[in-house]
file upload.txt (compact mmCIF, C-alpha atoms and all ligand atoms)
# COMPACT_ATOMS: atom_id res chain seq x y z
CA MET A 1 -35.81 30.89 -23.67
CA SER A 2 -36.45 27.31 -24.87
CA ALA A 3 -34.05 25.41 -27.17
CA SER A 4 -36.35 25.91 -30.14
CA GLU A 5 -36.15 29.67 -29.55
CA THR A 6 -32.29 29.82 -29.54
CA SER A 7 -31.08 32.27 -32.16
CA PRO A 8 -29.07 30.95 -35.16
CA LEU A 9 -26.08 33.03 -34.02
CA ARG A 10 -26.12 31.40 -30.56
CA GLN A 11 -26.44 27.97 -32.09
CA PHE A 12 -23.50 28.70 -34.35
CA ILE A 13 -21.33 29.93 -31.45
CA ARG A 14 -22.26 26.94 -29.29
CA LYS A 15 -21.40 24.49 -32.06
CA ALA A 16 -18.12 26.28 -32.78
CA VAL A 17 -17.12 26.17 -29.10
CA VAL A 18 -17.99 22.47 -28.76
CA ARG A 19 -16.15 21.57 -31.98
CA THR A 20 -13.07 23.55 -30.95
CA ALA A 21 -13.01 21.87 -27.54
CA VAL A 22 -13.44 18.41 -29.08
CA GLY A 23 -10.73 19.25 -31.63
CA LEU A 24 -8.31 20.38 -28.93
CA VAL A 25 -8.88 17.31 -26.76
CA GLY A 26 -8.59 15.12 -29.87
CA ALA A 27 -5.31 16.81 -30.87
CA GLN A 28 -4.00 16.32 -27.35
CA ALA A 29 -4.99 12.64 -27.29
CA ALA A 30 -3.43 12.11 -30.72
CA THR A 31 -0.22 13.84 -29.57
CA ILE A 32 -0.01 11.74 -26.42
CA GLY A 33 -0.72 8.56 -28.39
CA GLY A 34 1.91 9.46 -30.99
CA LEU A 35 4.54 10.30 -28.39
CA VAL A 36 3.90 7.20 -26.29
CA GLY A 37 3.99 5.03 -29.44
CA TYR A 38 7.22 6.63 -30.63
CA ASP A 39 8.68 6.23 -27.14
CA ALA A 40 7.82 2.51 -27.10
CA LEU A 41 9.53 2.08 -30.48
CA THR A 42 12.72 3.81 -29.33
CA LYS A 43 12.85 2.22 -25.87
CA LYS A 44 15.18 -0.54 -27.03
CA GLN A 45 17.59 2.01 -28.43
CA ARG A 46 17.61 3.82 -25.05
CA LYS A 47 18.43 0.56 -23.28
CA THR A 48 21.66 0.33 -25.22
CA ARG A 49 22.79 3.84 -24.37
CA SER A 50 26.50 4.26 -24.01
CA GLY A 51 26.77 4.94 -20.28
CA PHE A 52 28.17 7.95 -18.48
CA PRO A 53 31.29 9.31 -16.80
CA LYS A 54 31.22 8.59 -13.08
CA PRO A 55 31.74 11.74 -11.04
CA GLY A 56 33.02 9.67 -8.08
CA HIS A 57 32.40 9.29 -4.36
CA TYR A 58 33.34 12.18 -2.07
CA GLY A 59 33.49 12.56 1.68
CA THR A 60 33.25 15.92 3.48
CA ASP A 61 32.77 17.15 7.05
CA VAL A 62 29.85 19.40 7.75
CA ALA A 63 30.05 20.70 11.32
CA ASN A 64 30.10 17.59 13.52
CA SER A 65 28.84 15.17 10.88
CA ASP A 66 30.36 13.37 7.92
CA VAL A 67 28.61 13.86 4.60
CA ASP A 68 29.32 11.43 1.76
CA VAL A 69 28.22 12.14 -1.79
CA PHE A 70 27.42 9.04 -3.88
CA THR A 71 27.02 9.30 -7.64
CA PHE A 72 26.99 5.64 -8.68
CA GLY A 73 24.19 3.32 -7.63
CA ALA A 74 26.14 0.10 -7.10
CA ASP A 75 28.57 1.88 -4.72
CA LEU A 76 25.70 3.42 -2.81
CA TYR A 77 23.68 0.21 -2.55
CA ASP A 78 26.72 -1.74 -1.31
CA ASP A 79 27.27 0.89 1.37
CA MET A 80 23.61 0.85 2.40
CA LEU A 81 23.53 -2.96 2.48
CA THR A 82 26.64 -3.02 4.67
CA GLN A 83 25.03 -0.56 7.08
CA ILE A 84 21.89 -2.70 7.28
CA ALA A 85 24.00 -5.85 7.78
CA ASN A 86 25.82 -4.15 10.68
CA ALA A 87 22.74 -2.56 12.26
CA THR A 88 22.31 -3.37 15.92
CA HIS A 89 19.39 -1.20 16.98
CA ASN A 90 17.08 -0.05 14.20
CA VAL A 91 16.61 0.29 10.43
CA PHE A 92 14.08 2.70 8.90
CA LEU A 93 13.64 2.38 5.14
CA GLU A 94 11.34 4.35 2.83
CA SER A 95 11.23 4.06 -0.96
CA PHE A 96 8.95 5.22 -3.74
CA ILE A 97 9.97 2.36 -6.06
CA TRP A 98 11.21 -1.04 -4.88
CA LYS A 99 11.80 -3.38 -7.79
CA ASP A 100 11.56 -7.18 -7.62
CA ASP A 101 14.99 -7.65 -9.20
CA GLU A 102 18.48 -8.54 -8.00
CA TYR A 103 19.10 -5.39 -5.95
CA GLY A 104 15.51 -5.20 -4.76
CA GLN A 105 15.93 -8.74 -3.45
CA LYS A 106 19.22 -7.86 -1.75
CA PHE A 107 17.50 -5.10 0.22
CA LEU A 108 14.61 -7.36 1.13
CA ASP A 109 16.98 -10.08 2.34
CA ALA A 110 19.11 -7.59 4.27
CA ILE A 111 16.23 -6.10 6.23
CA ASN A 112 14.70 -9.52 6.89
CA ARG A 113 18.02 -10.73 8.27
CA ALA A 114 18.28 -7.60 10.43
CA SER A 115 14.81 -8.25 11.78
CA GLU A 116 15.65 -11.89 12.49
CA ARG A 117 18.53 -10.84 14.69
CA GLY A 118 16.29 -8.54 16.71
CA VAL A 119 16.82 -5.17 15.00
CA ASP A 120 13.73 -2.93 15.00
CA VAL A 121 12.89 -2.61 11.25
CA ARG A 122 10.30 -0.20 9.84
CA VAL A 123 9.55 -0.03 6.15
CA VAL A 124 7.46 2.39 4.10
CA TYR A 125 6.94 2.01 0.36
CA ASP A 126 4.48 3.29 -2.16
CA GLY A 127 1.60 1.19 -3.49
CA PHE A 128 1.13 3.19 -6.68
CA GLY A 129 4.86 3.38 -7.45
CA ASN A 130 5.05 -0.42 -7.27
CA LEU A 131 1.82 -1.41 -9.00
CA VAL A 132 3.80 -3.44 -11.53
CA VAL A 133 5.62 -5.42 -8.82
CA PRO A 134 3.74 -8.57 -7.73
CA ASN A 135 2.65 -8.33 -4.10
CA LYS A 136 4.19 -11.70 -3.37
CA PHE A 137 7.66 -10.17 -3.79
CA TYR A 138 7.25 -8.19 -0.57
CA ARG A 139 7.69 -11.11 1.82
CA PHE A 140 8.81 -9.50 5.04
CA HIS A 141 9.97 -11.24 8.20
CA HIS A 142 7.05 -11.30 10.64
CA ASP A 143 8.75 -8.78 12.94
CA VAL A 144 9.26 -6.16 10.22
CA HIS A 145 6.78 -3.29 10.60
CA VAL A 146 5.53 -2.30 7.16
CA TYR A 147 3.37 0.50 5.83
CA ARG A 148 2.46 0.37 2.13
CA PHE A 149 1.06 3.73 1.00
CA PRO A 150 -2.37 2.72 -0.31
CA VAL A 151 -3.40 3.31 -3.89
CA PHE A 152 -7.07 3.70 -3.01
CA ARG A 153 -7.82 5.95 -0.06
CA PRO A 154 -11.37 6.34 1.15
CA ARG A 155 -10.22 9.32 3.23
CA LEU A 156 -9.83 11.23 -0.05
CA PHE A 157 -13.59 11.84 0.13
CA ILE A 158 -13.33 13.34 3.61
CA THR A 159 -10.01 15.21 3.67
CA PRO A 160 -8.87 15.29 0.03
CA LEU A 161 -5.73 17.39 0.57
CA ARG A 162 -4.43 15.55 3.61
CA ALA A 163 -5.20 12.13 2.13
CA SER A 164 -3.50 12.81 -1.21
CA GLY A 165 0.08 12.34 -2.41
CA LEU A 166 2.35 9.39 -3.05
CA THR A 167 5.42 8.79 -0.98
CA HIS A 168 8.11 9.76 -3.43
CA ARG A 169 10.81 9.65 -0.74
CA LYS A 170 13.97 7.57 -0.66
CA LEU A 171 15.33 7.33 2.88
CA LEU A 172 17.36 4.91 4.95
CA ILE A 173 18.21 5.53 8.60
CA VAL A 174 20.33 3.09 10.60
CA ASP A 175 20.90 2.99 14.36
CA ASP A 176 19.78 6.62 14.82
CA ASN A 177 23.14 7.79 13.52
CA VAL A 178 23.46 7.20 9.77
CA ALA A 179 20.98 8.52 7.20
CA TYR A 180 20.79 8.32 3.41
CA ILE A 181 18.75 10.57 1.14
CA GLY A 182 18.62 11.34 -2.57
CA GLY A 183 17.26 10.26 -5.90
CA TYR A 184 17.94 6.54 -5.81
CA ASN A 185 14.94 4.22 -5.70
CA LEU A 186 15.70 0.52 -5.12
CA GLY A 187 16.37 -1.51 -8.28
CA SER A 188 19.09 -2.96 -10.48
CA THR A 189 18.64 -0.50 -13.37
CA TYR A 190 19.46 2.35 -11.03
CA ALA A 191 22.59 0.55 -9.79
CA THR A 192 24.51 0.87 -13.04
CA GLU A 193 22.46 2.46 -15.81
CA TRP A 194 21.22 5.70 -14.25
CA ARG A 195 23.26 8.69 -13.07
CA ASP A 196 21.87 9.78 -9.74
CA THR A 197 23.02 11.45 -6.51
CA HIS A 198 22.52 10.44 -2.89
CA LEU A 199 23.94 11.74 0.39
CA LYS A 200 24.92 9.79 3.46
CA VAL A 201 24.98 11.76 6.70
CA THR A 202 26.79 10.16 9.64
CA GLY A 203 26.60 11.79 13.04
CA PRO A 204 24.31 14.25 14.80
CA ASP A 205 22.94 15.86 11.64
CA SER A 206 21.40 12.57 10.57
CA TRP A 207 18.73 13.35 13.17
CA VAL A 208 16.78 15.57 10.78
CA LEU A 209 16.22 12.69 8.36
CA ARG A 210 15.36 10.29 11.17
CA GLN A 211 12.81 12.83 12.39
CA SER A 212 11.35 13.19 8.88
CA PHE A 213 10.81 9.42 8.69
CA VAL A 214 9.39 9.29 12.22
CA THR A 215 6.92 12.10 11.50
CA VAL A 216 5.31 10.09 8.71
CA TRP A 217 5.56 6.76 10.50
CA ASN A 218 4.03 7.97 13.75
CA THR A 219 1.10 9.50 11.85
CA VAL A 220 0.19 6.31 10.00
CA ALA A 221 1.14 3.65 12.58
CA ALA A 222 -0.93 2.30 15.43
CA ARG A 223 -0.28 3.59 18.95
CA GLU A 224 1.68 0.48 19.96
CA ASP A 225 3.88 0.82 16.87
CA GLN A 226 5.07 4.38 17.47
CA ILE A 227 8.79 5.19 17.26
CA PRO A 228 10.04 6.88 20.44
CA ARG A 229 11.17 10.48 20.19
CA MET A 230 14.87 11.23 20.09
CA ASP A 231 16.00 14.73 21.03
CA PRO A 232 17.79 16.80 18.36
CA PRO A 233 21.48 17.53 18.85
CA GLU A 234 21.58 21.30 18.26
CA TRP A 235 19.57 24.21 16.84
CA ASP A 236 22.21 25.97 14.79
CA SER A 237 23.01 23.20 12.35
CA ARG A 238 24.14 23.94 8.81
CA VAL A 239 22.08 20.95 7.70
CA ARG A 240 18.35 21.59 7.39
CA CYS A 241 15.68 19.16 6.33
CA TRP A 242 12.55 20.16 4.44
CA SER A 243 9.74 17.65 4.16
CA ASN A 244 6.67 17.94 1.98
CA LEU A 245 3.96 16.27 4.05
CA PRO A 246 0.45 16.35 2.58
CA MET A 247 -0.85 14.86 5.86
CA ARG A 248 0.24 18.12 7.52
CA ARG A 249 -0.56 20.22 4.47
CA VAL A 250 3.01 21.58 4.28
CA TYR A 251 5.13 21.79 1.11
CA PRO A 252 8.26 23.70 2.18
CA ILE A 253 10.65 22.42 -0.51
CA ARG A 254 9.22 24.81 -3.07
CA GLY A 255 9.79 27.69 -0.65
CA MET A 256 13.33 26.50 -0.01
CA TYR A 257 14.07 26.61 -3.74
CA LEU A 258 12.43 30.01 -4.23
CA GLN A 259 14.39 31.57 -1.36
CA ALA A 260 17.70 30.14 -2.50
CA ILE A 261 17.17 31.19 -6.12
CA ASP A 262 16.18 34.71 -5.05
CA ARG A 263 19.28 34.92 -2.88
CA ALA A 264 21.74 33.80 -5.60
CA LYS A 265 24.38 36.35 -6.55
CA ASP A 266 26.73 34.43 -8.79
CA HIS A 267 25.59 31.04 -10.06
CA ILE A 268 22.84 28.43 -9.83
CA TYR A 269 23.47 24.87 -11.00
CA ILE A 270 20.40 22.60 -11.00
CA SER A 271 20.06 18.94 -12.00
CA THR A 272 16.60 17.49 -12.26
CA PRO A 273 15.21 14.55 -14.23
CA TYR A 274 11.87 16.22 -14.83
CA PHE A 275 11.74 20.00 -15.23
CA ILE A 276 8.20 21.34 -15.37
CA PRO A 277 8.36 24.42 -13.15
CA ASP A 278 5.39 26.45 -12.00
CA HIS A 279 5.27 30.15 -12.95
CA GLN A 280 6.95 31.39 -9.76
CA ILE A 281 9.94 29.04 -9.98
CA LEU A 282 10.37 29.79 -13.68
CA ASP A 283 10.11 33.51 -13.01
CA ALA A 284 12.64 33.34 -10.14
CA LEU A 285 15.16 31.56 -12.39
CA ILE A 286 14.68 34.04 -15.22
CA ARG A 287 14.99 37.00 -12.87
CA ALA A 288 18.20 35.53 -11.46
CA GLN A 289 19.67 35.19 -14.95
CA GLY A 290 18.48 38.76 -15.68
CA ARG A 291 20.49 40.16 -12.77
CA GLY A 292 23.65 38.47 -13.98
CA VAL A 293 23.51 35.13 -12.17
CA ASP A 294 24.83 32.24 -14.29
CA VAL A 295 21.82 29.88 -14.28
CA ARG A 296 22.44 26.36 -15.60
CA ILE A 297 19.83 23.65 -15.70
CA MET A 298 20.65 20.05 -16.50
CA VAL A 299 17.98 17.60 -17.64
CA PRO A 300 18.16 14.28 -19.50
CA MET A 301 18.26 14.61 -23.26
CA ASP A 302 15.65 11.80 -23.23
CA SER A 303 14.31 10.70 -19.88
CA ASN A 304 12.28 7.57 -19.16
CA HIS A 305 9.02 9.58 -19.30
CA VAL A 306 8.33 10.88 -22.78
CA LEU A 307 5.40 13.07 -21.68
CA ALA A 308 7.51 14.72 -18.98
CA ASP A 309 10.20 15.45 -21.59
CA TRP A 310 7.73 17.13 -23.87
CA GLY A 311 6.16 19.00 -20.99
CA SER A 312 9.63 20.27 -20.15
CA ARG A 313 10.54 21.21 -23.71
CA GLY A 314 7.67 23.69 -23.76
CA PHE A 315 9.83 25.92 -21.49
CA TYR A 316 13.02 25.79 -23.51
CA VAL A 317 12.41 28.83 -25.75
CA THR A 318 11.52 31.05 -22.79
CA MET A 319 14.59 29.89 -20.86
CA LEU A 320 17.00 30.15 -23.75
CA LYS A 321 15.72 33.61 -24.71
CA ALA A 322 16.33 34.70 -21.11
CA GLY A 323 19.94 33.48 -21.38
CA VAL A 324 19.58 30.43 -19.11
CA THR A 325 22.00 27.60 -19.98
CA LEU A 326 20.26 24.32 -20.79
CA LEU A 327 22.39 21.21 -20.55
CA LEU A 328 20.97 18.02 -22.05
CA TYR A 329 22.58 14.98 -20.44
CA LYS A 330 23.56 12.35 -23.01
CA GLY A 331 24.00 8.60 -23.10
CA ALA A 332 22.12 7.74 -19.92
CA MET A 333 19.26 8.80 -17.72
CA ILE A 334 20.26 11.44 -15.17
CA HIS A 335 17.93 11.29 -12.20
CA ALA A 336 19.78 13.50 -9.68
CA LYS A 337 17.61 16.01 -7.82
CA THR A 338 20.26 18.49 -6.75
CA ALA A 339 21.16 22.15 -6.82
CA THR A 340 24.13 24.21 -5.71
CA ILE A 341 24.33 27.97 -5.52
CA ASP A 342 27.15 30.52 -5.12
CA GLY A 343 29.64 27.94 -3.85
CA VAL A 344 27.86 27.88 -0.49
CA TRP A 345 24.34 26.47 -0.64
CA SER A 346 23.37 22.97 -1.80
CA THR A 347 20.36 20.75 -1.77
CA VAL A 348 20.04 17.03 -2.42
CA GLY A 349 16.75 15.26 -2.11
CA THR A 350 13.87 13.46 -3.67
CA ALA A 351 11.90 16.37 -5.15
CA ASN A 352 11.87 17.02 -8.87
CA ILE A 353 11.28 20.54 -10.18
CA ASP A 354 7.70 19.86 -11.11
CA ARG A 355 4.31 20.35 -9.54
CA LEU A 356 3.85 16.72 -8.54
CA SER A 357 6.93 16.96 -6.33
CA LEU A 358 6.62 20.54 -5.13
CA SER A 359 2.88 20.68 -4.48
CA PHE A 360 1.50 17.14 -4.20
CA ASN A 361 3.75 14.27 -3.11
CA TYR A 362 5.62 13.33 0.06
CA GLU A 363 9.19 14.48 -0.47
CA VAL A 364 12.29 15.24 1.54
CA ASN A 365 15.29 17.44 0.73
CA LEU A 366 18.37 18.37 2.70
CA GLU A 367 19.56 21.96 2.50
CA ILE A 368 23.23 22.33 3.44
CA ILE A 369 25.16 25.56 3.86
CA ASP A 370 28.77 24.52 3.50
CA ASN A 371 31.56 25.60 1.14
CA ASP A 372 33.27 22.21 1.02
CA LEU A 373 30.10 20.36 0.16
CA ALA A 374 29.18 23.02 -2.44
CA ALA A 375 32.64 22.53 -4.00
CA VAL A 376 31.94 18.80 -4.28
CA MET A 377 28.51 19.43 -5.79
CA GLU A 378 30.08 21.82 -8.31
CA ARG A 379 32.69 19.21 -9.21
CA VAL A 380 29.92 16.65 -9.80
CA PHE A 381 28.01 19.16 -11.92
CA GLU A 382 31.16 19.85 -13.95
CA VAL A 383 31.67 16.15 -14.70
CA ASP A 384 28.01 15.78 -15.66
CA SER A 385 28.27 18.91 -17.82
CA SER A 386 31.12 17.29 -19.74
CA ASN A 387 28.61 14.63 -20.74
CA SER A 388 25.91 17.10 -21.74
CA HIS A 389 24.95 18.94 -24.87
CA ARG A 390 24.58 22.69 -24.41
CA LEU A 391 21.43 23.61 -26.30
CA THR A 392 21.41 26.89 -28.24
CA LEU A 393 18.41 29.03 -29.11
CA ASP A 394 19.15 28.81 -32.84
CA GLU A 395 19.33 25.04 -32.71
CA TRP A 396 16.10 24.78 -30.73
CA GLN A 397 14.23 27.20 -32.97
CA ALA A 398 15.21 25.10 -35.98
CA ARG A 399 13.46 22.03 -34.58
CA HIS A 400 10.79 20.23 -36.60
CA PRO A 401 7.42 22.07 -36.61
CA LEU A 402 5.77 18.90 -35.29
CA ALA A 403 7.83 19.29 -32.12
CA TRP A 404 6.25 22.68 -31.57
CA VAL A 405 2.80 21.11 -32.02
CA GLY A 406 3.68 18.47 -29.39
CA GLU A 407 4.86 21.05 -26.86
CA THR A 408 1.78 23.21 -27.36
CA ALA A 409 -0.64 20.29 -27.13
CA LEU A 410 0.92 19.14 -23.86
CA ALA A 411 1.06 22.58 -22.21
CA PRO A 412 -2.36 22.23 -20.50
CA LEU A 413 -1.19 18.96 -18.89
CA ARG A 414 1.87 20.47 -17.20
CA PRO A 415 0.27 20.69 -13.74
CA LEU A 416 -0.32 16.92 -13.86
CA LEU A 417 3.23 15.96 -14.86
O1 LIG B 501 9.68 9.44 -9.57
P1 LIG B 501 11.18 9.42 -9.49
O2 LIG B 501 11.78 10.78 -9.65
O3 LIG B 501 11.68 8.68 -8.33
O4 LIG B 501 11.63 8.63 -10.79
C1 LIG B 501 11.26 7.28 -10.92
C2 LIG B 501 11.21 6.91 -12.33
O5 LIG B 501 10.54 7.83 -13.07
C3 LIG B 501 10.62 5.55 -12.48
O6 LIG B 501 9.90 5.42 -13.63
call {"tool": "encode", "arguments": {"input": "upload.txt", "output": "structure tokens"}}
result
Amino acid sequence: MSASETSPLRQFIRKAVVRTAVGLVGAQAATIGGLVGYDALTKKQRKTRSGFPKPGHYGTDVANSDVDVFTFGADLYDDMLTQIANATHNVFLESFIWKDDEYGQKFLDAINRASERGVDVRVVYDGFGNLVVPNKFYRFHHDVHVYRFPVFRPRLFITPLRASGLTHRKLLIVDDNVAYIGGYNLGSTYATEWRDTHLKVTGPDSWVLRQSFVTVWNTVAAREDQIPRMDPPEWDSRVRCWSNLPMRRVYPIRGMYLQAIDRAKDHIYISTPYFIPDHQILDALIRAQGRGVDVRIMVPMDSNHVLADWGSRGFYVTMLKAGVTLLLYKGAMIHAKTATIDGVWSTVGTANIDRLSLSFNYEVNLEIIDNDLAAVMERVFEVDSSNSHRLTLDEWQARHPLAWVGETALAPLRPLL
């Protein structure tokens, strides 16, 4: 049938569909524009937030290794810088964000000095994550081996899945014996203004993090730049490492979370800066609450990404109706990517509970089965809870109708956030 022969009814339906689609996209664009504009206006106010209670620094033994829990950036960075300064053999550093500020410079200087004195230094950082940092900041000593994850990747046209993903990891491994992992990127804001959590593993269990770094490095580096294999200490460790590696097409962190949530019998405490779960994770959490598990999820009251906040808020009614406790962290940005379950199981890593982390980016999480560490993680969660507002269903349902419009308009974008 030619266009001129199209029936009036068909023409009407076609126009209605096109207008609805244009209207929806327009509403979404207007919502995003409004939220981003409002966010820019209130940014200054967020910069003068009141700060946060510091949960402290804890040391525990897990099997034959020492595990330190850091919850304040300046303490962590000082410890990392001391390790780099004392390194005698090698330093492997990977970071999603590496700012050109005071602390960023300290790390750059420390690894350059290590390289100068003959330490084998390997660095991985993300091109996209540091687009706003001038390239000239990254002046490495000529012996430092560097891989900058490229922003543009021609291989995307050949092997789109394997060539995708940013490195969202934050890792430091020193002398094959000390390894750091957690939410801290490198930058001065994170040193004092953000609440985050990092682990330091000293001893044989650090191997798993070394191996995670080596796996990525040895895939991207030239043959002459490969890092030699080091044998693992033991099979039956209570410390497991899960690495999302698009280059291998594996994303095990999501599976780790699903298994642990399904296994929970008593309580689940999760901290995440960005909470935009897929259906299966959301369903697992709601089912856990339904069988009597005390599920508590902590997110920032206002994070540094307004769209992520609104993407997250779209889940609040469902969660609150299911009885899940929502804790909104006040006065500072909480960026910890941690969970602890039943006083036994804990994870600390780089993955957020969102699709970018669980199904797209390079990530790494430690999973640790240990009562003492779980007790520490619960203590940290308790201190953070004391600085959080517990949201109620009544309060949330009384929010401004425009908020509901924002949540609904952003719902289709959740997979991208
Ligand atoms: O991507 P993350 O979780 O490391 O968070 C980084 C901040 O969002 C920087 O804007």
call {"tool": "axis_aligned_box", "arguments": {"input": "upload.txt", "around": "stretch 283-300 of chain A", "padding_each_side": "5 Å", "output": "lines of an AutoDock Vina configuration file"}}
result
center_x = 17.5
center_y = 27.2
center_z = -14.8
size_x = 24.7
size_y = 35.9
size_z = 19.4
call {"tool": "closest_residue", "arguments": {"input": "upload.txt", "among": "A:Thr88, A:Asn135, A:Thr325, A:Ser359", "to": "A:Val119", "atoms": "only C-alpha atoms"}}
result
A:Thr88
call {"tool": "closest_atom_pairs", "arguments": {"input": "upload.txt", "of": "chain A", "to": "ligand LIG 501 (chain B)", "cutoff": "7 Å", "atoms": "only C-alpha atoms and all ligand atoms", "output": "JSON lines"}}
result
{"residue": "A:Phe96", "atom": "CA", "partner": "B:LIG501", "partner_atom": "O3", "distance": 6.4}
{"residue": "A:Ile97", "atom": "CA", "partner": "B:LIG501", "partner_atom": "O3", "distance": 6.9}
{"residue": "A:His168", "atom": "CA", "partner": "B:LIG501", "partner_atom": "O3", "distance": 6.2}
{"residue": "A:Gly183", "atom": "CA", "partner": "B:LIG501", "partner_atom": "O3", "distance": 6.3}
{"residue": "A:Asn185", "atom": "CA", "partner": "B:LIG501", "partner_atom": "O3", "distance": 6.1}
{"residue": "A:Pro273", "atom": "CA", "partner": "B:LIG501", "partner_atom": "O2", "distance": 6.9}
{"residue": "A:Asn304", "atom": "CA", "partner": "B:LIG501", "partner_atom": "O5", "distance": 6.3}
{"residue": "A:His305", "atom": "CA", "partner": "B:LIG501", "partner_atom": "O5", "distance": 6.6}
{"residue": "A:His335", "atom": "CA", "partner": "B:LIG501", "partner_atom": "O2", "distance": 6.7}
{"residue": "A:Thr350", "atom": "CA", "partner": "B:LIG501", "partner_atom": "O2", "distance": 6.9}
{"residue": "A:Asn352", "atom": "CA", "partner": "B:LIG501", "partner_atom": "O2", "distance": 6.3}
call {"tool": "write_last_selection", "arguments": {"input": "upload.txt", "atoms": "C-alpha atoms", "output": "PDB file, keeping the file's coordinate frame"}}
result
ATOM      1  CA  PHE A  96       8.950   5.220  -3.740  1.00  0.00           C
ATOM      2  CA  ILE A  97       9.970   2.360  -6.060  1.00  0.00           C
ATOM      3  CA  HIS A 168       8.110   9.760  -3.430  1.00  0.00           C
ATOM      4  CA  GLY A 183      17.260  10.260  -5.900  1.00  0.00           C
ATOM      5  CA  ASN A 185      14.940   4.220  -5.700  1.00  0.00           C
ATOM      6  CA  PRO A 273      15.210  14.550 -14.230  1.00  0.00           C
ATOM      7  CA  ASN A 304      12.280   7.570 -19.160  1.00  0.00           C
ATOM      8  CA  HIS A 305       9.020   9.580 -19.300  1.00  0.00           C
ATOM      9  CA  HIS A 335      17.930  11.290 -12.200  1.00  0.00           C
ATOM     10  CA  THR A 350      13.870  13.460  -3.670  1.00  0.00           C
ATOM     11  CA  ASN A 352      11.870  17.020  -8.870  1.00  0.00           C
TER      12      ASN A 352
END
call {"tool": "closest_residue", "arguments": {"input": "upload.txt", "among": "A:Ser271, A:Asn177, A:Thr219, A:Ser357", "to": "A:Ser65", "atoms": "only C-alpha atoms"}}
result
A:Asn177
call {"tool": "closest_residue", "arguments": {"input": "upload.txt", "among": "A:Met247, A:Val132, A:Val91, A:Val216", "to": "A:Ala179", "atoms": "only C-alpha atoms"}}
result
A:Val91
call {"tool": "closest_residue", "arguments": {"input": "upload.txt", "among": "A:Gly187, A:Pro277, A:Gly349, A:Pro415", "to": "A:Arg169", "atoms": "all atoms listed in the file"}}
result
A:Gly349
call {"tool": "residues_around", "arguments": {"input": "upload.txt", "residues": "A:Ala110", "least_positions_apart": "5", "cutoff": "12 Å", "atoms": "all atoms listed in the file", "output": "PyMOL selection string"}}
result
chain A and resi 77-78+80-87+91+93+103-105+115-117+119+121+140-141+144
call {"tool": "write_last_selection", "arguments": {"input": "upload.txt", "atoms": "C-alpha atoms", "output": "compact mmCIF listing (two decimals), in the frame of the given file"}}
result
# COMPACT_ATOMS: atom_id res chain seq x y z
CA TYR A 77 23.68 0.21 -2.55
CA ASP A 78 26.72 -1.74 -1.31
CA MET A 80 23.61 0.85 2.40
CA LEU A 81 23.53 -2.96 2.48
CA THR A 82 26.64 -3.02 4.67
CA GLN A 83 25.03 -0.56 7.08
CA ILE A 84 21.89 -2.70 7.28
CA ALA A 85 24.00 -5.85 7.78
CA ASN A 86 25.82 -4.15 10.68
CA ALA A 87 22.74 -2.56 12.26
CA VAL A 91 16.61 0.29 10.43
CA LEU A 93 13.64 2.38 5.14
CA TYR A 103 19.10 -5.39 -5.95
CA GLY A 104 15.51 -5.20 -4.76
CA GLN A 105 15.93 -8.74 -3.45
CA SER A 115 14.81 -8.25 11.78
CA GLU A 116 15.65 -11.89 12.49
CA ARG A 117 18.53 -10.84 14.69
CA VAL A 119 16.82 -5.17 15.00
CA VAL A 121 12.89 -2.61 11.25
CA PHE A 140 8.81 -9.50 5.04
CA HIS A 141 9.97 -11.24 8.20
CA VAL A 144 9.26 -6.16 10.22
call {"tool": "closest_residue", "arguments": {"input": "upload.txt", "among": "A:His89, A:His145, A:Arg414, A:Lys330", "to": "A:Ser312", "atoms": "only C-alpha atoms"}}
result
A:Arg414
call {"tool": "atom_distance", "arguments": {"input": "upload.txt", "atom1": "atom CA of A:Leu356", "atom2": "atom CA of A:Ile297"}}
result
18.8 Å
call {"tool": "atom_distance", "arguments": {"input": "upload.txt", "atom1": "atom CA of A:Tyr269", "atom2": "atom CA of A:Leu166"}}
result
27.4 Å
call {"tool": "closest_residue", "arguments": {"input": "upload.txt", "among": "A:Thr347, A:Ser388, A:Thr318, A:Asn218", "to": "A:Met298", "atoms": "only C-alpha atoms"}}
result
A:Ser388
call {"tool": "residues_around", "arguments": {"input": "upload.txt", "residues": "A:His389", "least_positions_apart": "3", "cutoff": "9 Å", "atoms": "only C-alpha atoms", "output": "PyMOL selection string"}}
result
chain A and resi 301+326-330+385-386
call {"tool": "write_last_selection", "arguments": {"input": "upload.txt", "atoms": "C-alpha atoms", "output": "JSON list (two decimals), keeping the file's coordinate frame"}}
result
[["chain", "number", "residue", "atom", "x", "y", "z"],
["A", 301, "MET", "CA", 18.26, 14.61, -23.26],
["A", 326, "LEU", "CA", 20.26, 24.32, -20.79],
["A", 327, "LEU", "CA", 22.39, 21.21, -20.55],
["A", 328, "LEU", "CA", 20.97, 18.02, -22.05],
["A", 329, "TYR", "CA", 22.58, 14.98, -20.44],
["A", 330, "LYS", "CA", 23.56, 12.35, -23.01],
["A", 385, "SER", "CA", 28.27, 18.91, -17.82],
["A", 386, "SER", "CA", 31.12, 17.29, -19.74]]
call {"tool": "atom_distance", "arguments": {"input": "upload.txt", "atom1": "atom CA of A:Asn64", "atom2": "atom CA of A:Thr340"}}
result
21.2 Å
call {"tool": "residues_near_point", "arguments": {"input": "upload.txt", "point": "(12.0, 34.0, -10.4)", "cutoff": "12 Å", "atoms": "all atoms listed in the file", "output": "PyMOL selection string"}}
result
chain A and resi 255+257-264+277-291+293+295+319+322
call {"tool": "residues_near_point", "arguments": {"input": "upload.txt", "point": "(8.9, 13.2, 12.5)", "cutoff": "12 Å", "atoms": "only C-alpha atoms", "output": "list in words"}}
result
Trp207, Val208, Leu209, Arg210, Gln211, Ser212, Phe213, Val214, Thr215, Val216, Trp217, Asn218, Thr219, Val220, Gln226, Ile227, Pro228, Arg229, Met230, Asp231, Pro232, Cys241, Trp242, Ser243, Asn244, Leu245, Met247, Arg248 and Val364 of chain A
